[in-house]
Amino acid sequence: MKIIVKEATYQEEIKHSKFITVLIPVKSKEEVKECLRKVKENYPKATHYCYAFRLEQDKGMSDDGEPAKTAGAPMLTVLEKQSLINILAVTVRYFGGVKLGPGSLIKAYTGGVQKALANANKEEVEEGYEVAISCSYQEEKQVEKALQGIYIKKKYYDEKCHFLCQGKKEEFESLKPFLTTDLIPTLIPKK
């Protein structure tokens with residue numbers, strides 16, 4: 001599986017229509033809705049806002065007025081073939097006066113996503129877990145030694161030492177006495 005690290009954009013003109021493809025990293029349907037709203041705000045008065053998204057447990061698409069299966073479905077196919085998740089692809093179209101047939105539309109929408117992905121910063125990820133760990137100041141060195149090789153997302157202190165970490169389930173076995181949360185499924189960078 002792969003994710004994109006940050007937003008990527010590609011723009012082209014086909015028979016006087018302007019196609020702007022925006023790829024956005026997302027983690028929930030709520031984020032998808034919010035990002036679609038922002039794209040519409042950033043590119044006002046477009047004729048179509050076609051999109052496809054893939055999350056860990058969900059996916060969706062829209063042709064937004066284009067002929068059925070000429071925009072959203074082909075865009076989603078590109079995301080699936082490249083094993084991308086937690087991504088939203090939106091293609092904004094400003095109609096230029098020349099109608100494109102179904103074949104040309106499919107080519108425009110898939111091509112925009114493919115070209116935007118070619119410029120995107122991608123990262124291999126795998127299923128893992130996020131966990132919170134707490135220990136006393138006296139146990140800090142012991143816990144840090146056990147955390148070697150595990151990604152420490154955040155570390156902070158109050159009356160105890162706290163770590164927010166991401167890793168594989170087996171990496172947390174020796175740390176069970178220090179866990180303050182259950183293992184929360186998440187995606188982690190592939191080692």
# chains A, B, ... in the order shown; residues from 1 in each chain; ligands from 1
>>> residues_around(residues="Leu79 in chain A", least_positions_apart="6", cutoff="8 Å", atoms="only C-alpha atoms", output="list in words")
Phe53, Arg54 and Ile85 of chain A
>>> residues_around(residues="Val5 in chain A", least_positions_apart="6", cutoff="7 Å", atoms="only C-alpha atoms", output="number ranges by chain")
A: 25, 121-123
>>> residues_around(residues="Phe178 in chain A", least_positions_apart="3", cutoff="6 Å", atoms="only C-alpha atoms", output="list in words")
Ile133, Ser134 and Leu175 of chain A
>>> closest_residue(among="A:Lys145, A:Lys169, A:Lys155, A:Lys15", to="Ser104 in chain A", atoms="only C-alpha atoms")
A:Lys15
>>> closest_residue(among="A:Pro74, A:Lys99, A:Glu130, A:Ala120", to="Ala8 in chain A", atoms="only C-alpha atoms")
A:Ala120
>>> residues_around(residues="Lys2 in chain A", least_positions_apart="3", cutoff="6 Å", atoms="only C-alpha atoms", output="PDB file with C-alpha atoms, in the first residue's frame")
ATOM      1  CA  SER A  83      -2.388   0.548  -4.423  1.00  0.00           C
ATOM      2  CA  LEU A  84      -2.984   4.028  -3.025  1.00  0.00           C
ATOM      3  CA  GLU A 123       5.402   6.511   0.693  1.00  0.00           C
ATOM      4  CA  GLU A 124       5.039   2.742   1.206  1.00  0.00           C
ATOM      5  CA  VAL A 125       2.953   1.947   4.282  1.00  0.00           C
TER       6      VAL A 125
END
>>> closest_residue(among="A:Leu88, A:Cys50, A:Leu147, A:Cys35", to="Phe19 in chain A", atoms="only C-alpha atoms")
A:Cys50
>>> atom_distance(atom1="CA of Lys69 in chain A", atom2="CA of Arg93 in chain A")
15.8 Å
>>> select_by_dssp(residues="chain A", states="strand (DSSP E)", output="VMD selection string")
chain A and resid 2 to 4 8 to 14 17 to 25 48 to 54 59 to 62 87 to 94 122 to 135 151 to 157 161 to 167 184 to 189
>>> decode(residues="range 5-20 of chain A", atoms="all heavy atoms", output="compact mmCIF listing (two decimals), in the first residue's frame")
# COMPACT_ATOMS: atom_id res chain seq x y z
N VAL A 5 2.31 11.84 0.47
CA VAL A 5 2.77 12.55 1.65
C VAL A 5 2.17 13.95 1.73
O VAL A 5 1.87 14.45 2.81
CB VAL A 5 4.31 12.59 1.69
CG1 VAL A 5 4.82 13.36 2.88
CG2 VAL A 5 4.87 11.17 1.68
N LYS A 6 2.01 14.60 0.58
CA LYS A 6 1.42 15.94 0.56
C LYS A 6 0.65 16.14 -0.73
O LYS A 6 0.75 15.34 -1.66
CB LYS A 6 2.49 17.02 0.75
CG LYS A 6 3.53 17.07 -0.34
CD LYS A 6 4.57 18.14 -0.05
CE LYS A 6 5.59 18.17 -1.17
NZ LYS A 6 6.60 19.18 -0.98
N GLU A 7 -0.09 17.22 -0.78
CA GLU A 7 -0.93 17.53 -1.93
C GLU A 7 -0.10 17.66 -3.20
O GLU A 7 1.03 18.15 -3.17
CB GLU A 7 -1.66 18.85 -1.64
CG GLU A 7 -2.82 19.11 -2.54
CD GLU A 7 -3.65 20.31 -2.10
OE1 GLU A 7 -4.20 20.27 -0.98
OE2 GLU A 7 -3.74 21.27 -2.90
N ALA A 8 -0.68 17.22 -4.32
CA ALA A 8 -0.03 17.34 -5.63
C ALA A 8 -1.07 17.80 -6.65
O ALA A 8 -2.25 17.46 -6.53
CB ALA A 8 0.57 16.01 -6.06
N THR A 9 -0.64 18.56 -7.66
CA THR A 9 -1.55 19.11 -8.65
C THR A 9 -0.98 18.94 -10.06
O THR A 9 0.23 19.00 -10.26
CB THR A 9 -1.78 20.62 -8.39
OG1 THR A 9 -2.22 20.79 -7.05
CG2 THR A 9 -2.83 21.20 -9.31
N TYR A 10 -1.88 18.72 -11.02
CA TYR A 10 -1.49 18.67 -12.42
C TYR A 10 -2.58 19.38 -13.23
O TYR A 10 -3.77 19.22 -12.95
CB TYR A 10 -1.35 17.22 -12.92
CG TYR A 10 -1.05 17.14 -14.39
CD1 TYR A 10 0.24 17.39 -14.86
CD2 TYR A 10 -2.05 16.87 -15.31
CE1 TYR A 10 0.52 17.34 -16.21
CE2 TYR A 10 -1.78 16.82 -16.67
CZ TYR A 10 -0.48 17.06 -17.11
OH TYR A 10 -0.21 17.03 -18.45
N GLN A 11 -2.17 20.17 -14.22
CA GLN A 11 -3.13 20.92 -15.03
C GLN A 11 -2.80 20.75 -16.50
O GLN A 11 -1.63 20.74 -16.89
CB GLN A 11 -3.05 22.40 -14.65
CG GLN A 11 -4.01 23.28 -15.40
CD GLN A 11 -3.98 24.72 -14.89
OE1 GLN A 11 -3.89 24.96 -13.71
NE2 GLN A 11 -4.05 25.67 -15.83
N GLU A 12 -3.86 20.58 -17.31
CA GLU A 12 -3.67 20.53 -18.76
C GLU A 12 -4.92 21.04 -19.47
O GLU A 12 -6.00 21.08 -18.88
CB GLU A 12 -3.32 19.11 -19.23
CG GLU A 12 -4.42 18.10 -19.11
CD GLU A 12 -4.00 16.71 -19.56
OE1 GLU A 12 -3.20 16.60 -20.51
OE2 GLU A 12 -4.47 15.73 -18.97
N GLU A 13 -4.74 21.41 -20.72
CA GLU A 13 -5.87 21.85 -21.54
C GLU A 13 -6.08 20.83 -22.64
O GLU A 13 -5.13 20.42 -23.31
CB GLU A 13 -5.59 23.23 -22.13
CG GLU A 13 -6.81 23.84 -22.77
CD GLU A 13 -6.59 25.28 -23.21
OE1 GLU A 13 -6.21 26.10 -22.36
OE2 GLU A 13 -6.81 25.55 -24.42
N ILE A 14 -7.35 20.39 -22.79
CA ILE A 14 -7.70 19.43 -23.83
C ILE A 14 -8.89 20.01 -24.59
O ILE A 14 -9.96 20.21 -24.01
CB ILE A 14 -8.06 18.04 -23.23
CG1 ILE A 14 -6.88 17.48 -22.44
CG2 ILE A 14 -8.50 17.07 -24.34
CD1 ILE A 14 -7.20 16.25 -21.63
N LYS A 15 -8.71 20.29 -25.88
CA LYS A 15 -9.75 20.86 -26.74
C LYS A 15 -10.47 22.03 -26.06
O LYS A 15 -11.69 22.05 -25.94
CB LYS A 15 -10.74 19.78 -27.17
CG LYS A 15 -10.10 18.75 -28.08
CD LYS A 15 -11.13 17.79 -28.63
CE LYS A 15 -10.43 16.80 -29.56
NZ LYS A 15 -11.34 15.81 -30.12
N HIS A 16 -9.69 22.96 -25.58
CA HIS A 16 -10.15 24.21 -24.96
C HIS A 16 -10.74 24.06 -23.56
O HIS A 16 -11.13 25.05 -22.96
CB HIS A 16 -11.13 24.96 -25.88
CG HIS A 16 -10.61 25.18 -27.26
ND1 HIS A 16 -9.53 26.00 -27.53
CD2 HIS A 16 -11.01 24.66 -28.45
CE1 HIS A 16 -9.30 25.98 -28.83
NE2 HIS A 16 -10.17 25.18 -29.42
N SER A 17 -10.85 22.83 -23.05
CA SER A 17 -11.30 22.64 -21.66
C SER A 17 -10.07 22.55 -20.77
O SER A 17 -9.08 21.91 -21.13
CB SER A 17 -12.10 21.35 -21.51
OG SER A 17 -13.41 21.50 -21.98
N LYS A 18 -10.16 23.20 -19.62
CA LYS A 18 -9.06 23.15 -18.66
C LYS A 18 -9.38 22.07 -17.62
O LYS A 18 -10.46 22.07 -17.03
CB LYS A 18 -8.88 24.50 -17.96
CG LYS A 18 -7.62 24.57 -17.11
CD LYS A 18 -7.53 25.78 -16.22
CE LYS A 18 -7.50 27.09 -16.96
NZ LYS A 18 -7.27 28.23 -16.02
N PHE A 19 -8.45 21.13 -17.42
CA PHE A 19 -8.58 20.07 -16.43
C PHE A 19 -7.50 20.28 -15.37
O PHE A 19 -6.31 20.31 -15.69
CB PHE A 19 -8.38 18.69 -17.07
CG PHE A 19 -9.50 18.27 -17.98
CD1 PHE A 19 -9.51 18.65 -19.32
CD2 PHE A 19 -10.54 17.48 -17.52
CE1 PHE A 19 -10.53 18.26 -20.17
CE2 PHE A 19 -11.57 17.09 -18.37
CZ PHE A 19 -11.56 17.48 -19.69
N ILE A 20 -7.92 20.42 -14.12
CA ILE A 20 -6.98 20.59 -13.00
C ILE A 20 -7.20 19.43 -12.04
O ILE A 20 -8.29 19.29 -11.47
CB ILE A 20 -7.22 21.93 -12.27
CG1 ILE A 20 -7.14 23.09 -13.25
CG2 ILE A 20 -6.23 22.09 -11.12
CD1 ILE A 20 -7.78 24.37 -12.75
